[in-house]
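What's in my_file27.cif: mmCIF, C-alpha atoms
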data_input
loop_
_atom_site.label_atom_id
_atom_site.label_comp_id
_atom_site.auth_asym_id
_atom_site.auth_seq_id
_atom_site.Cartn_x
_atom_site.Cartn_y
_atom_site.Cartn_z
CA MET H 1 0.00 0.00 0.00
CA GLY H 2 1.41 3.38 -1.02
CA ALA H 3 2.26 6.17 1.39
CA GLU H 4 -0.52 8.37 0.01
CA MET H 5 -3.12 5.63 0.51
CA LYS H 6 -1.89 5.05 4.08
CA ARG H 7 -2.22 8.73 4.79
CA ILE H 8 -5.77 8.81 3.44
CA LEU H 9 -6.77 5.72 5.40
CA SER H 10 -5.25 7.06 8.61
CA GLY H 11 -7.15 10.28 8.10
CA SER H 12 -10.35 8.33 7.54
CA VAL H 13 -9.84 6.40 10.78
CA ILE H 14 -9.43 9.59 12.77
CA LEU H 15 -12.37 11.22 11.02
CA LEU H 16 -14.60 8.26 11.88
CA LEU H 17 -13.45 8.54 15.47
CA PHE H 18 -14.51 12.18 15.58
CA LEU H 19 -17.80 11.51 13.84
CA SER H 20 -18.59 8.84 16.41
CA ILE H 21 -18.50 11.48 19.13
CA GLY H 22 -19.21 14.44 16.89
CA TYR H 23 -22.40 15.71 18.46
CA CYS H 24 -21.81 14.73 22.06
CA GLN H 25 -22.23 18.30 23.22
CA GLU H 26 -25.97 17.79 22.93
CA PRO H 27 -27.64 16.83 26.23
CA SER H 28 -29.00 13.59 24.69
CA GLN H 29 -25.52 12.37 23.69
CA PRO H 30 -23.39 10.05 25.79
CA LEU H 31 -20.15 11.92 26.45
CA THR H 32 -19.63 15.18 28.36
CA LEU H 33 -16.47 17.11 29.18
CA THR H 34 -16.35 19.26 32.31
CA ILE H 35 -13.36 21.46 33.12
CA LYS H 36 -12.49 23.30 36.31
CA PRO H 37 -9.44 25.43 37.20
CA ASN H 38 -7.64 24.58 40.43
CA LYS H 39 -8.26 28.20 41.50
CA GLU H 40 -9.82 31.39 40.19
CA ALA H 41 -6.83 33.75 40.09
CA TYR H 42 -3.18 33.33 39.13
CA LYS H 43 -0.07 35.46 39.19
CA ILE H 44 1.81 35.98 35.94
CA GLY H 45 4.00 32.93 35.30
CA GLU H 46 2.12 30.71 37.74
CA ASP H 47 0.94 27.30 36.53
CA ILE H 48 -2.60 27.51 35.15
CA GLN H 49 -3.99 24.05 35.82
CA LEU H 50 -7.29 22.76 34.48
CA ASN H 51 -8.88 19.57 35.76
CA LEU H 52 -10.78 17.68 33.05
CA GLU H 53 -13.52 15.13 33.59
CA PHE H 54 -14.98 12.99 30.80
CA ARG H 55 -18.22 11.30 31.82
CA ASN H 56 -20.16 8.58 30.03
CA ASN H 57 -23.85 9.34 30.46
CA SER H 58 -25.01 6.55 28.16
CA LYS H 59 -25.97 2.95 28.85
CA SER H 60 -23.19 1.59 26.69
CA GLN H 61 -19.40 1.74 26.65
CA VAL H 62 -17.61 4.80 25.23
CA MET H 63 -14.02 4.76 23.97
CA LEU H 64 -11.71 7.74 24.52
CA LYS H 65 -8.57 8.04 22.42
CA PHE H 66 -5.56 10.29 22.98
CA ASP H 67 -2.03 10.57 21.71
CA LYS H 68 0.97 10.34 24.01
CA PRO H 69 0.86 12.35 27.27
CA GLY H 70 1.90 15.97 26.91
CA LEU H 71 0.87 16.25 23.26
CA TYR H 72 -2.86 16.80 23.36
CA ALA H 73 -3.44 16.24 19.66
CA PHE H 74 -7.16 15.68 20.05
CA PHE H 75 -7.81 18.90 21.93
CA SER H 76 -8.42 22.49 20.89
CA PHE H 77 -8.13 25.19 23.55
CA GLU H 78 -10.17 28.30 22.74
CA ILE H 79 -9.02 31.36 24.68
CA PHE H 80 -10.69 34.75 25.18
CA ARG H 81 -8.85 37.63 26.88
CA ASN H 82 -11.29 40.21 28.23
CA GLU H 83 -13.80 38.85 25.66
CA GLU H 84 -11.28 39.21 22.79
CA LYS H 85 -10.90 35.88 20.99
CA LEU H 86 -7.27 34.80 20.66
CA ASN H 87 -5.72 32.16 18.42
CA PRO H 88 -6.75 28.69 19.59
CA TYR H 89 -4.22 26.28 21.07
CA ARG H 90 -3.93 23.40 18.64
CA TYR H 91 -1.32 20.73 18.21
CA LEU H 92 -2.38 19.39 14.81
CA ASP H 93 -0.09 21.54 12.70
CA LEU H 94 1.34 18.40 11.11
CA LYS H 95 0.76 17.40 7.50
CA ASP H 96 -0.29 13.88 8.46
CA MET H 97 -2.82 12.68 10.98
CA VAL H 98 -1.59 11.52 14.37
CA PHE H 99 -2.42 7.97 15.43
CA PRO H 100 -3.90 7.67 18.92
CA THR H 101 -1.60 5.82 21.33
CA ILE H 102 -3.80 5.81 24.44
CA GLU H 103 -7.25 4.28 24.64
CA THR H 104 -9.54 4.51 27.66
CA LYS H 105 -12.81 2.65 27.94
CA LEU H 106 -15.61 4.30 29.90
CA THR H 107 -18.38 2.04 31.12
CA SER H 108 -21.88 3.39 31.64
CA GLY H 109 -21.71 6.11 34.29
CA GLY H 110 -17.92 5.97 34.29
CA SER H 111 -15.57 8.95 34.26
CA TYR H 112 -12.00 9.71 33.27
CA HIS H 113 -9.93 12.49 34.86
CA MET H 114 -6.84 14.27 33.61
CA LYS H 115 -4.98 17.52 34.27
CA VAL H 116 -3.64 20.11 31.84
CA VAL H 117 -1.27 22.97 32.72
CA LEU H 118 -2.05 25.42 29.94
CA ASN H 119 1.07 27.54 30.06
CA LYS H 120 3.39 24.52 30.40
CA LEU H 121 2.28 22.48 27.38
CA ASP H 122 5.40 21.86 25.29
CA TRP H 123 3.55 22.39 22.00
CA VAL H 124 2.19 25.86 22.69
CA THR H 125 5.41 27.71 23.47
CA LYS H 126 4.56 30.44 20.99
CA TYR H 127 1.24 31.02 22.76
CA LYS H 128 2.56 31.36 26.32
CA ALA H 129 2.40 35.13 25.97
CA MET H 130 -1.38 34.76 26.02
CA PHE H 131 -1.25 34.52 29.81
CA GLU H 132 1.46 37.11 30.44
CA GLU H 133 -0.97 40.01 30.41
CA PRO H 134 -3.10 40.76 33.49
CA ALA H 135 -6.67 40.12 32.36
CA MET H 136 -9.74 37.94 32.65
CA TYR H 137 -9.44 34.82 30.47
CA LYS H 138 -12.26 32.57 29.31
CA ILE H 139 -11.32 29.04 28.25
CA ILE H 140 -13.28 26.42 26.32
CA ILE H 141 -11.83 23.02 25.42
CA THR H 142 -12.97 20.96 22.45
CA TYR H 143 -12.15 17.25 22.35
CA GLY H 144 -11.95 15.84 18.81
CA PHE H 145 -11.05 17.97 15.76
CA ILE H 146 -9.23 17.46 12.49
CA LYS H 147 -6.50 19.16 10.46
CA ASP H 148 -8.82 21.23 8.27
CA LYS H 149 -9.96 22.95 11.50
CA THR H 150 -13.52 21.68 11.20
CA ASN H 151 -14.62 21.14 14.79
CA ILE H 152 -16.20 17.72 15.15
CA GLY H 153 -16.25 16.98 18.84
CA ILE H 154 -17.57 17.86 22.26
CA ASN H 155 -17.19 21.25 23.87
CA SER H 156 -16.49 21.72 27.53
CA ASN H 157 -18.19 24.20 29.77
CA PRO H 158 -16.53 27.66 29.67
CA VAL H 159 -14.43 28.67 32.67
CA VAL H 160 -13.10 32.11 33.57
CA ILE H 161 -9.81 32.75 35.35
CA GLU H 162 -7.95 35.91 36.25
CA VAL H 163 -4.26 36.53 35.69
CA LYS H 164 -3.08 39.21 38.07
CA GLY H 165 -0.22 41.60 37.60
CA LYS H 166 1.22 43.44 40.54
CA GLU H 167 -0.18 42.89 44.01
CA ASP H 168 -3.43 44.59 44.95
CA LEU H 169 -3.28 47.90 46.78
CA THR H 170 -3.49 47.51 50.54
CA LYS H 171 -5.86 49.69 52.57
CA GLU H 172 -2.98 51.88 53.63
CA GLU H 173 -1.74 52.31 50.06
CA ALA H 174 -5.28 53.04 48.87
CA VAL H 175 -5.74 55.78 51.49
CA GLU H 176 -2.45 57.42 50.53
CA SER H 177 -3.38 57.24 46.86
CA ALA H 178 -6.80 58.77 47.62
CA LYS H 179 -5.23 61.60 49.63
CA LYS H 180 -2.92 62.42 46.74
CA ALA H 181 -5.84 62.47 44.30
CA ILE H 182 -7.73 64.86 46.59
CA LYS H 183 -4.71 67.15 46.94
CA ASP H 184 -4.37 67.19 43.16
CA LYS H 185 -7.88 68.71 43.10
CA ASN H 186 -6.53 71.60 45.23
CA ILE H 187 -8.72 70.55 48.15
CA ASP H 188 -7.45 71.30 51.67
CA LEU H 189 -7.03 67.77 53.01
CA GLY H 190 -6.50 69.18 56.51
CA LYS H 191 -10.26 69.72 56.74
CA TYR H 192 -11.03 66.03 56.20
CA TYR H 193 -10.58 62.68 57.91
CA VAL H 194 -11.02 59.11 56.67
CA LYS H 195 -14.49 58.14 57.80
CA ASN H 196 -14.72 54.70 56.20
CA ILE H 197 -12.97 52.32 53.82
CA GLU H 198 -14.33 49.09 52.41
CA GLY H 199 -13.65 46.74 49.52
CA PHE H 200 -16.17 45.45 46.99
CA LYS H 201 -16.48 44.17 43.42
CA ARG H 202 -17.77 46.27 40.52
CA ASN H 203 -18.09 44.81 37.03
CA GLY H 204 -15.72 42.02 37.99
CA ARG H 205 -13.04 44.37 39.36
CA ASP H 206 -11.89 44.76 42.97
CA ILE H 207 -12.40 48.30 44.29
CA TRP H 208 -11.52 50.19 47.45
CA PHE H 209 -14.28 52.64 48.39
CA ILE H 210 -13.06 55.40 50.72
CA THR H 211 -15.20 58.08 52.35
CA PHE H 212 -13.62 61.32 53.57
CA ASP H 213 -15.73 63.61 55.74
CA LEU H 214 -15.33 67.06 57.24
CA THR H 215 -13.36 67.07 60.48
CA GLU H 216 -15.60 69.81 61.88
CA LYS H 217 -18.48 67.31 61.97
CA LEU H 218 -16.66 65.37 64.69
CA GLN H 219 -16.62 68.46 66.91
CA GLN H 220 -20.26 69.17 66.11
CA ILE H 221 -21.18 65.67 67.24
CA LYS H 222 -19.08 66.07 70.38
CA ASP H 223 -20.74 69.41 71.20
CA GLY H 224 -24.22 68.11 70.45
CA ARG H 225 -24.69 70.65 67.70
CA PRO H 226 -26.55 70.01 64.42
CA MET H 227 -24.18 68.36 62.00
CA THR H 228 -23.33 70.01 58.70
CA LYS H 229 -24.99 68.22 55.79
CA GLY H 230 -22.99 66.98 52.83
CA GLY H 231 -19.37 67.81 52.27
CA GLU H 232 -18.19 64.21 51.93
CA ILE H 233 -15.66 63.10 49.35
CA PHE H 234 -16.07 59.60 47.91
CA VAL H 235 -13.06 57.97 46.30
CA ASP H 236 -13.07 54.74 44.27
CA ILE H 237 -9.70 53.09 43.69
CA ASP H 238 -9.12 50.03 41.52
CA LYS H 239 -7.06 47.64 43.64
CA ARG H 240 -5.15 46.40 40.60
CA THR H 241 -4.53 49.47 38.47
CA ALA H 242 -4.88 52.19 41.15
CA HIS H 243 -7.24 54.05 38.80
CA THR H 244 -9.01 56.65 40.93
CA SER H 245 -12.33 58.44 40.61
CA ILE H 246 -13.71 61.11 42.95
CA ARG H 247 -17.29 62.12 43.73
CA TYR H 248 -18.57 64.78 46.11
CA GLY H 249 -21.44 64.55 48.57
CA GLU H 250 -24.25 67.07 48.39
#
What does the file become when written as structure tokens?
Amino acid sequence: MGAEMKRILSGSVILLLFLSIGYCQEPSQPLTLTIKPNKEAYKIGEDIQLNLEFRNNSKSQVMLKFDKPGLYAFFSFEIFRNEEKLNPYRYLDLKDMVFPTIETKLTSGGSYHMKVVLNKLDWVTKYKAMFEEPAMYKIIITYGFIKDKTNIGINSNPVVIEVKGKEDLTKEEAVESAKKAIKDKNIDLGKYYVKNIEGFKRNGRDIWFITFDLTEKLQQIKDGRPMTKGGEIFVDIDKRTAHTSIRYGE
């Protein structure tokens, strides 16, 4: 048998494999893929580990096929950075199909677990920069696809992780940053004190919310006099970027 015929036959074998699981993402199909990161936030350069679970929801046996460990030839990793779609991670950049070397049988109700460290896969070196920018990343894994980039396989659930840059601002650093922002507005900071500081999330970002109030109000309270209304200064500071916004009480 000629080399060209072998190549065609090997491609046909792989294609049949993918077709056999091609529409498993539908609820009525037997195989599902669930992924979960080992944590929600990572520092730049830290291992980004995903735990994968294949589960056979059918009443019959399902066969999983992979290539050798470390070369995930039957996977496509779709990455979004702050909702911007990046190039997918794919190993099948070869001219010929890759024969599966690992087979795993899943009985009815059975599951198969594996781990993937995204930024340590030896075949995606050129893509490591994807995770070197502080951002929110969404990841979807597809099991089963072919060289012509036609997806014929099952899609995982999407997961979102955060890659953090420098350390978050502490309360003390946030207060100092807020004071500087107020001074830059030519406001006499000597007339104010820090009344309250608390952290919260806004649109997925961590924020310090600091309230400055007039110092004279403290004396008014102490003397039992009516307290001056308004006059507060509200400062929002992004814990990650230190971006600051100021609002004034009425």
Residues selected by the PyMOL selection byres ((chain H and resi 163-176) around 6), written as a PyMOL selection string: chain H and resi 41-43+134-135+162+177-179+239-240
Distance of CA of Pro158 in chain H from CA of Asp238 in chain H, expressed in Å to one decimal place: 26.4 Å
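Our summary of the geometry notes that CA of Gln61 in chain H is positioned 28.6 Å from CA of Val117 in chain H.
Here, the PyMOL selection byres ((chain H and resi 155) around 7) matches Gln25, Leu33, Ile140, Ile141, Thr142, Tyr143, Gly153, Ile154, Ser156 and Asn157 of chain H.
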Answer key for the PyMOL selection byres ((chain H and resi 104) around 7), residues as a PyMOL selection string: chain H and resi 63-65+102-103+105-106
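When CA of Glu132 in chain H is paired with CA of Leu118 in chain H, their separation reads 12.2 Å.
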Residues within 12 Å of (-7.0, 25.6, 44.5), file coords, all atoms listed in the file, listed as a PyMOL selection string: chain H and resi 36-42+47-51+161
Selection: 9 Å around Ile233 in chain H, only C-alpha atoms, excl. self and same-chain fewer than 4 positions, as a PyMOL selection string: chain H and resi 182+192+210-214+246-249
Limited to C-alpha atoms, could you put the picked residues into a file as an mmCIF file, keeping the file's coordinate frame?
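As a result, again_16.cif now contains:
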data_model
loop_
_atom_site.group_PDB
_atom_site.id
_atom_site.type_symbol
_atom_site.label_atom_id
_atom_site.label_comp_id
_atom_site.auth_asym_id
_atom_site.auth_seq_id
_atom_site.Cartn_x
_atom_site.Cartn_y
_atom_site.Cartn_z
ATOM 1 C CA ILE H 182 -7.730 64.860 46.590
ATOM 2 C CA TYR H 192 -11.030 66.030 56.200
ATOM 3 C CA ILE H 210 -13.060 55.400 50.720
ATOM 4 C CA THR H 211 -15.200 58.080 52.350
ATOM 5 C CA PHE H 212 -13.620 61.320 53.570
ATOM 6 C CA ASP H 213 -15.730 63.610 55.740
ATOM 7 C CA LEU H 214 -15.330 67.060 57.240
ATOM 8 C CA ILE H 246 -13.710 61.110 42.950
ATOM 9 C CA ARG H 247 -17.290 62.120 43.730
ATOM 10 C CA TYR H 248 -18.570 64.780 46.110
ATOM 11 C CA GLY H 249 -21.440 64.550 48.570
#
Contact residues around Ser111 in chain H with only C-alpha atoms at 8 Å, ignoring same-chain residues under 2 positions, as number ranges by chain: H: 53-56, 106, 109, 113
Would you save the residues of that selection, restricted to C-alpha atoms, as a short mmCIF file (atom, residue, chain, number, x, y, z; two decimals), keeping the file's coordinate frame?
data_model
loop_
_atom_site.label_atom_id
_atom_site.label_comp_id
_atom_site.auth_asym_id
_atom_site.auth_seq_id
_atom_site.Cartn_x
_atom_site.Cartn_y
_atom_site.Cartn_z
CA GLU H 53 -13.52 15.13 33.59
CA PHE H 54 -14.98 12.99 30.80
CA ARG H 55 -18.22 11.30 31.82
CA ASN H 56 -20.16 8.58 30.03
CA LEU H 106 -15.61 4.30 29.90
CA GLY H 109 -21.71 6.11 34.29
CA HIS H 113 -9.93 12.49 34.86
#
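If only C-alpha atoms are the atoms counted, then among H:Met136, H:Leu218, H:Ile35, H:Val62 the closest residue to Phe80 in chain H is H:Met136.
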